[in-house]
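Structure, as structure tokens:
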Amino acid sequence: MGKDYKVNGDSGNRQTLERTVKALSSHRLMPKSIFVILVIAYVAAASMVSFVATGNRTIVVNGITLPANVFAGVFSSLANIVVIFLSGFYGKLGYITSIVLLLLNFVGYFQNTFIRRNYASLPGIVGNFLTLTAISIIYFYGAKVNDYQTRLYDQALIDILTGLPNRFAASELLSGIIKKKEPSAIVLINLNNFKGFNEAMGFDIGNRALKDLADRWNAIANSRETGTEDFVGRTSGDEFILIIRGFKTDKDIVSTIKKYDEALTEQMNIDGYECYLSANYGYCLFPDDSNDRDSLISYAEAALKETKHNRNESQILRFDIGMLKGDRSIEVVNMIKSALLNDKIYYSLQPQFSFEHKLRGFEALARMKDDEGRVISPNEFIPIAEDGGLIDAVDLTVLKASAIFMGEALKKFEADIILSVNVSVRHLMKSDFLDEVKEILALSNLPPQNLEIEITESIIIDSFEKALVTLGQLKELGVKIAIDDFGTGYSSLSYLSNIPANLLKIDKSFIDKMNEGESYKQYVEAIISMGHILGLEVISEGVEEEEQLEILRWVGCDYIQGFLWGRPISPKDSEDIIRRYM
Ligand code: C2E
Ligand code: MG
Ligand code: MG
């Protein structure tokens, strides 16, 4: 199997982190220039002590003549305060310097007292000794606090689960990079459907997958095998940041990202489970795109968001100002709103057939046109409608219109075919969803057993328990349930057996690969057998070639839907199909 992703040594990622900690800790020290001034002040004060204390100098203040040695105490206190400052604010260096200064001074006092027998220096010796005790207490206590603080900083910079630097560390590093003007690429990474992975595999395996991934990425950053200087951190649940330095061209950046992607997509073995992860990557460049930390992050975010329009694909996208200006999602949200108001959301019907070419029914597929009459792909507007809270209205428009059409068609042609409608899980979760369906069934005279609700596999898992209740109620009504895009999520058998479904729809991506090799064929065959064991019928989506049709017939698939036997067509055109293939 693959590569050995062991973390070795403490170079790269860890080094960068340590430099960041150091940079943070040094904020707590005073400037070096003041250190020098304090040392000079000490020497000056100490010299003054011995100057005023020796000989019989006098000073005249306001006409009164005073012996100069009265001021010895003042200068001596000044000197002591200076060393207290040194030990308090300059760590080990300050403490050692203070001891050296005190010792030098002590030698002077000692000579004065015991050799020259000038007992005026005796308080100086005692003072020196007390100061030494005081600064030792200050230093050792301070060192403990410092140690503790450094540990806290360290903890604040490391993500506990994965051991990778966290968001704060990344943002500190970024500030440093901007200060030093080091050209860098800021890459934001989002794992695809990690939530679904977690819920299907359990949080324990999810956590271990994250840890495994972190080790792989850490190893790459530390080994410098990418040829660039990389920093990788975890910013939140399934989001990571990669900061790349030391590249020459844009190609180097993409090649570095690809190295991380390869490590990510390589199979993981956790507790005997084979797990696969994938991710999308959005990046921007410092200083080319911006020299402001927050903007850099939000530009990388905008690029990452752009990759989301194509679900479930590993993509690397560089930020482009167009992603901000005419932010496409905002534009599309407005288009959907206006289309809903002006009845510009409509639907196509795509036929589904048995292998005897008998019509099973139709899938209703949402369609939308913009103001200039251009068709917007549902692959673009459906995810945006989901994020923008508009999906219920879109689903409902399609469900209502297609049910009314089909209710009439069944009567007109005395047909018994199925209308399959896509429903977003967000919509399904709404408390009044069931009432809406009942209302539409009554309004359209469509018998419940002729209606089928399609739910996307990868999305059901995200909110499994709640979805299950509604699906059970639908089934009680007599409505059929199909699991759409099967194979793209992380379904387990136990999860699947709990869904009260009738039909499994094998995703087009598997059908596409089927004539590429024996193993895909076997995979499709296994899905079909599994479906049959669970009492489900199986339909293959996206059948475009005769060869695929024959393989599917051979491996025991029940139905097909695809361009080979029928593209999505208008409701009116679908009447011909009903007449011909019933
Ligand atoms: P889906 O439910 O998996 O629908 C099948 C998609 O595959 C449709 O794309 C269909 O036109 C396309 N397709 C079918 N046969 C072939 C083929 O042989 N070759 C190729 N290349 N494509 C084929 P479409 O209409 O673009 O819809 C995309 C997705 O949008 C749907 O995937 C569904 O998830 C979502 N969607 C469509 N209508 C609605 C709706 O009313 N509500 C919700 N929530 N989602 C919808
Ligand atoms: Mg569908
Ligand atoms: Mg599908």
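Ordering of the structure tokens sets the chain letters (A, B, ...); residue numbers start at 1 within each chain; ligands are numbered from 1 in the order shown.
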Exercise for the section: All residues within 7 Å of ligand 1 are required, counting only C-alpha atoms and all ligand atoms; please report them as number ranges by chain. Expected result: A: 364-366, 377-379, 382, 391, 394-395, 398, 421-424, 456, 484-485, 507, 541-544, 561-564, 567-568
Exercise for the section: Using DSSP on the backbone coordinates, identify the residues of stretch 119-240 of chain A assigned to helix (DSSP H, G or I); present them as a PyMOL selection string. Expected result: chain A and resi 119-157+167-180+194-201+203-223
Counting only C-alpha atoms, what is within 10 Å of A:Glu476, bar same-chain residues fewer than 6 positions away, as a PDB file with N, CA and C atoms, in the first residue's frame?
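Saved as result-v4.pdb:
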ATOM      1  N   PRO A 448     -51.210   8.491  -4.255  1.00  0.00           N
ATOM      2  CA  PRO A 448     -49.901   8.542  -3.560  1.00  0.00           C
ATOM      3  C   PRO A 448     -48.902   7.537  -4.106  1.00  0.00           C
ATOM      4  N   THR A 470     -39.734  11.607   8.871  1.00  0.00           N
ATOM      5  CA  THR A 470     -40.564  12.111   7.771  1.00  0.00           C
ATOM      6  C   THR A 470     -40.710  11.074   6.667  1.00  0.00           C
ATOM      7  N   PRO A 500     -36.840   3.720   4.648  1.00  0.00           N
ATOM      8  CA  PRO A 500     -37.991   3.011   4.065  1.00  0.00           C
ATOM      9  C   PRO A 500     -38.119   3.284   2.565  1.00  0.00           C
TER      10      PRO A 500
END
Problem - Atom pair atom CA of A:Val425 / atom CA of A:Leu468: separation (Å) - result: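 For atom CA of A:Val425 relative to atom CA of A:Leu468, the distance reads 10.6 Å.
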Practice task
Using only C-alpha atoms, determine which residues lie at most 9 Å from A:Asp320, disregarding the query and same-chain residues fewer than 6 positions distant; provide the list as a list in words.
Solution key: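 Using only C-alpha atoms, the neighbours found are Cys284, Asp289, Tyr299, Ala302 and Ala303 of chain A.
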Exercise for the section: Fewer than 5 positions away in the same chain doesn't count, so skip those; otherwise give me all residues within 7 Å of A:Ile481, counting only C-alpha atoms, as a ChimeraX atom specification. Expected result: /A:452-454,501-503
Would you output that residue set with N, CA, C and O atoms, as an mmCIF file, in the first residue's frame?
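Below is the file out.cif, written as the result:
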data_model
loop_
_atom_site.group_PDB
_atom_site.id
_atom_site.type_symbol
_atom_site.label_atom_id
_atom_site.label_comp_id
_atom_site.auth_asym_id
_atom_site.auth_seq_id
_atom_site.Cartn_x
_atom_site.Cartn_y
_atom_site.Cartn_z
ATOM 1 N N GLU A 452 -43.273 9.602 -6.299
ATOM 2 C CA GLU A 452 -42.029 9.119 -5.685
ATOM 3 C C GLU A 452 -41.190 10.338 -5.309
ATOM 4 O O GLU A 452 -41.067 11.271 -6.094
ATOM 5 N N ILE A 453 -40.680 10.331 -4.090
ATOM 6 C CA ILE A 453 -39.838 11.438 -3.639
ATOM 7 C C ILE A 453 -38.386 10.969 -3.689
ATOM 8 O O ILE A 453 -38.053 9.932 -3.107
ATOM 9 N N GLU A 454 -37.536 11.730 -4.383
ATOM 10 C CA GLU A 454 -36.108 11.365 -4.459
ATOM 11 C C GLU A 454 -35.311 12.186 -3.463
ATOM 12 O O GLU A 454 -35.413 13.410 -3.433
ATOM 13 N N ALA A 501 -37.072 2.950 1.796
ATOM 14 C CA ALA A 501 -37.075 3.305 0.374
ATOM 15 C C ALA A 501 -37.629 2.178 -0.483
ATOM 16 O O ALA A 501 -37.777 1.042 -0.031
ATOM 17 N N ASN A 502 -37.968 2.521 -1.739
ATOM 18 C CA ASN A 502 -38.415 1.546 -2.714
ATOM 19 C C ASN A 502 -37.379 1.354 -3.805
ATOM 20 O O ASN A 502 -37.280 0.316 -4.412
ATOM 21 N N LEU A 503 -36.655 2.458 -4.069
ATOM 22 C CA LEU A 503 -35.803 2.473 -5.260
ATOM 23 C C LEU A 503 -34.432 3.035 -4.944
ATOM 24 O O LEU A 503 -34.287 4.017 -4.203
#
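Restricting the calculation to only C-alpha atoms, the smallest distance between A:Val333 and any of A:Glu363, A:Asp215, A:Glu380, A:Asp432 is found for A:Glu380.
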Contacts of A:Met268 at 12 Å or less, counting only C-alpha atoms, minus same-chain residues fewer than 2 places along, as a PDB file with N, CA and C atoms, in the first residue's frame?
ATOM      1  N   MET A   1       0.820  -1.206   0.000  1.00  0.00           N
ATOM      2  CA  MET A   1       0.000   0.000   0.000  1.00  0.00           C
ATOM      3  C   MET A   1       0.843   1.240   0.000  1.00  0.00           C
ATOM      4  N   GLY A   2       0.230   2.347  -0.246  1.00  0.00           N
ATOM      5  CA  GLY A   2       0.814   3.686  -0.361  1.00  0.00           C
ATOM      6  C   GLY A   2       2.059   4.000   0.430  1.00  0.00           C
ATOM      7  N   LYS A   3       2.169   5.247   0.706  1.00  0.00           N
ATOM      8  CA  LYS A   3       3.359   5.823   1.271  1.00  0.00           C
ATOM      9  C   LYS A   3       3.322   5.763   2.784  1.00  0.00           C
ATOM     10  N   ASP A   4       4.499   5.815   3.386  1.00  0.00           N
ATOM     11  CA  ASP A   4       4.537   5.847   4.842  1.00  0.00           C
ATOM     12  C   ASP A   4       4.565   7.304   5.278  1.00  0.00           C
ATOM     13  N   TYR A   5       3.482   7.727   5.900  1.00  0.00           N
ATOM     14  CA  TYR A   5       3.394   9.143   6.273  1.00  0.00           C
ATOM     15  C   TYR A   5       3.777   9.342   7.725  1.00  0.00           C
ATOM     16  N   ILE A 205     -14.129   7.413  14.275  1.00  0.00           N
ATOM     17  CA  ILE A 205     -13.398   7.171  13.026  1.00  0.00           C
ATOM     18  C   ILE A 205     -13.166   8.498  12.297  1.00  0.00           C
ATOM     19  N   GLY A 206     -14.164   9.375  12.377  1.00  0.00           N
ATOM     20  CA  GLY A 206     -14.000  10.709  11.775  1.00  0.00           C
ATOM     21  C   GLY A 206     -12.796  11.419  12.361  1.00  0.00           C
ATOM     22  N   ARG A 208     -10.266  10.089  13.869  1.00  0.00           N
ATOM     23  CA  ARG A 208      -9.004   9.425  13.523  1.00  0.00           C
ATOM     24  C   ARG A 208      -8.613   9.694  12.081  1.00  0.00           C
ATOM     25  N   ALA A 209      -9.619   9.849  11.238  1.00  0.00           N
ATOM     26  CA  ALA A 209      -9.307  10.196   9.844  1.00  0.00           C
ATOM     27  C   ALA A 209      -8.643  11.582   9.794  1.00  0.00           C
ATOM     28  N   LEU A 210      -9.167  12.513  10.598  1.00  0.00           N
ATOM     29  CA  LEU A 210      -8.583  13.858  10.630  1.00  0.00           C
ATOM     30  C   LEU A 210      -7.146  13.808  11.138  1.00  0.00           C
ATOM     31  N   LYS A 211      -6.946  12.989  12.145  1.00  0.00           N
ATOM     32  CA  LYS A 211      -5.609  12.865  12.744  1.00  0.00           C
ATOM     33  C   LYS A 211      -4.641  12.266  11.722  1.00  0.00           C
ATOM     34  N   ASP A 212      -5.127  11.214  11.049  1.00  0.00           N
ATOM     35  CA  ASP A 212      -4.309  10.550  10.037  1.00  0.00           C
ATOM     36  C   ASP A 212      -3.935  11.551   8.939  1.00  0.00           C
ATOM     37  N   LEU A 213      -4.934  12.305   8.517  1.00  0.00           N
ATOM     38  CA  LEU A 213      -4.700  13.308   7.470  1.00  0.00           C
ATOM     39  C   LEU A 213      -3.671  14.338   7.941  1.00  0.00           C
ATOM     40  N   ASP A 215      -1.323  13.974  10.105  1.00  0.00           N
ATOM     41  CA  ASP A 215       0.017  13.379  10.115  1.00  0.00           C
ATOM     42  C   ASP A 215       0.611  13.356   8.708  1.00  0.00           C
ATOM     43  N   ARG A 216      -0.224  12.986   7.748  1.00  0.00           N
ATOM     44  CA  ARG A 216       0.254  12.948   6.361  1.00  0.00           C
ATOM     45  C   ARG A 216       0.714  14.331   5.919  1.00  0.00           C
ATOM     46  N   ALA A 263      -1.928  13.049  -1.045  1.00  0.00           N
ATOM     47  CA  ALA A 263      -1.843  12.427   0.285  1.00  0.00           C
ATOM     48  C   ALA A 263      -3.222  12.295   0.907  1.00  0.00           C
ATOM     49  N   LEU A 264      -4.093  13.244   0.600  1.00  0.00           N
ATOM     50  CA  LEU A 264      -5.444  13.228   1.162  1.00  0.00           C
ATOM     51  C   LEU A 264      -6.291  12.120   0.555  1.00  0.00           C
ATOM     52  N   THR A 265      -6.216  11.985  -0.755  1.00  0.00           N
ATOM     53  CA  THR A 265      -7.140  11.060  -1.423  1.00  0.00           C
ATOM     54  C   THR A 265      -6.675   9.612  -1.332  1.00  0.00           C
ATOM     55  N   GLU A 266      -5.425   9.413  -0.934  1.00  0.00           N
ATOM     56  CA  GLU A 266      -4.961   8.035  -0.797  1.00  0.00           C
ATOM     57  C   GLU A 266      -5.749   7.332   0.312  1.00  0.00           C
ATOM     58  N   ILE A 270      -8.770   2.606   8.716  1.00  0.00           N
ATOM     59  CA  ILE A 270      -9.030   2.908  10.113  1.00  0.00           C
ATOM     60  C   ILE A 270      -9.929   1.822  10.682  1.00  0.00           C
ATOM     61  N   ASP A 271      -9.413   1.101  11.655  1.00  0.00           N
ATOM     62  CA  ASP A 271     -10.201   0.051  12.306  1.00  0.00           C
ATOM     63  C   ASP A 271     -10.734  -0.957  11.303  1.00  0.00           C
ATOM     64  N   GLY A 272      -9.964  -1.240  10.279  1.00  0.00           N
ATOM     65  CA  GLY A 272     -10.419  -2.205   9.283  1.00  0.00           C
ATOM     66  C   GLY A 272     -11.340  -1.612   8.232  1.00  0.00           C
ATOM     67  N   TYR A 273     -11.680  -0.309   8.363  1.00  0.00           N
ATOM     68  CA  TYR A 273     -12.504   0.321   7.334  1.00  0.00           C
ATOM     69  C   TYR A 273     -11.588   0.993   6.314  1.00  0.00           C
ATOM     70  N   GLU A 274     -11.968   0.894   5.049  1.00  0.00           N
ATOM     71  CA  GLU A 274     -11.232   1.643   4.040  1.00  0.00           C
ATOM     72  C   GLU A 274     -11.940   2.964   3.867  1.00  0.00           C
ATOM     73  N   CYS A 275     -11.247   4.057   4.135  1.00  0.00           N
ATOM     74  CA  CYS A 275     -11.902   5.362   4.037  1.00  0.00           C
ATOM     75  C   CYS A 275     -11.247   6.195   2.955  1.00  0.00           C
ATOM     76  N   TYR A 276     -12.063   7.018   2.325  1.00  0.00           N
ATOM     77  CA  TYR A 276     -11.554   7.912   1.301  1.00  0.00           C
ATOM     78  C   TYR A 276     -12.034   9.323   1.589  1.00  0.00           C
ATOM     79  N   LEU A 277     -11.150  10.282   1.437  1.00  0.00           N
ATOM     80  CA  LEU A 277     -11.539  11.682   1.606  1.00  0.00           C
ATOM     81  C   LEU A 277     -11.178  12.440   0.345  1.00  0.00           C
ATOM     82  N   SER A 278     -11.875  13.552   0.138  1.00  0.00           N
ATOM     83  CA  SER A 278     -11.479  14.450  -0.954  1.00  0.00           C
ATOM     84  C   SER A 278     -11.736  15.872  -0.482  1.00  0.00           C
TER      85      SER A 278
END
Exercise for the section: List every residue of stretch 215-323 of chain A that DSSP, applied to the backbone of this structure, assigns to strand (DSSP E), and report them as a VMD selection string. Expected result: chain A and resid 229 to 236 239 to 245 268 to 270 273 to 275 279 to 286 316 to 318
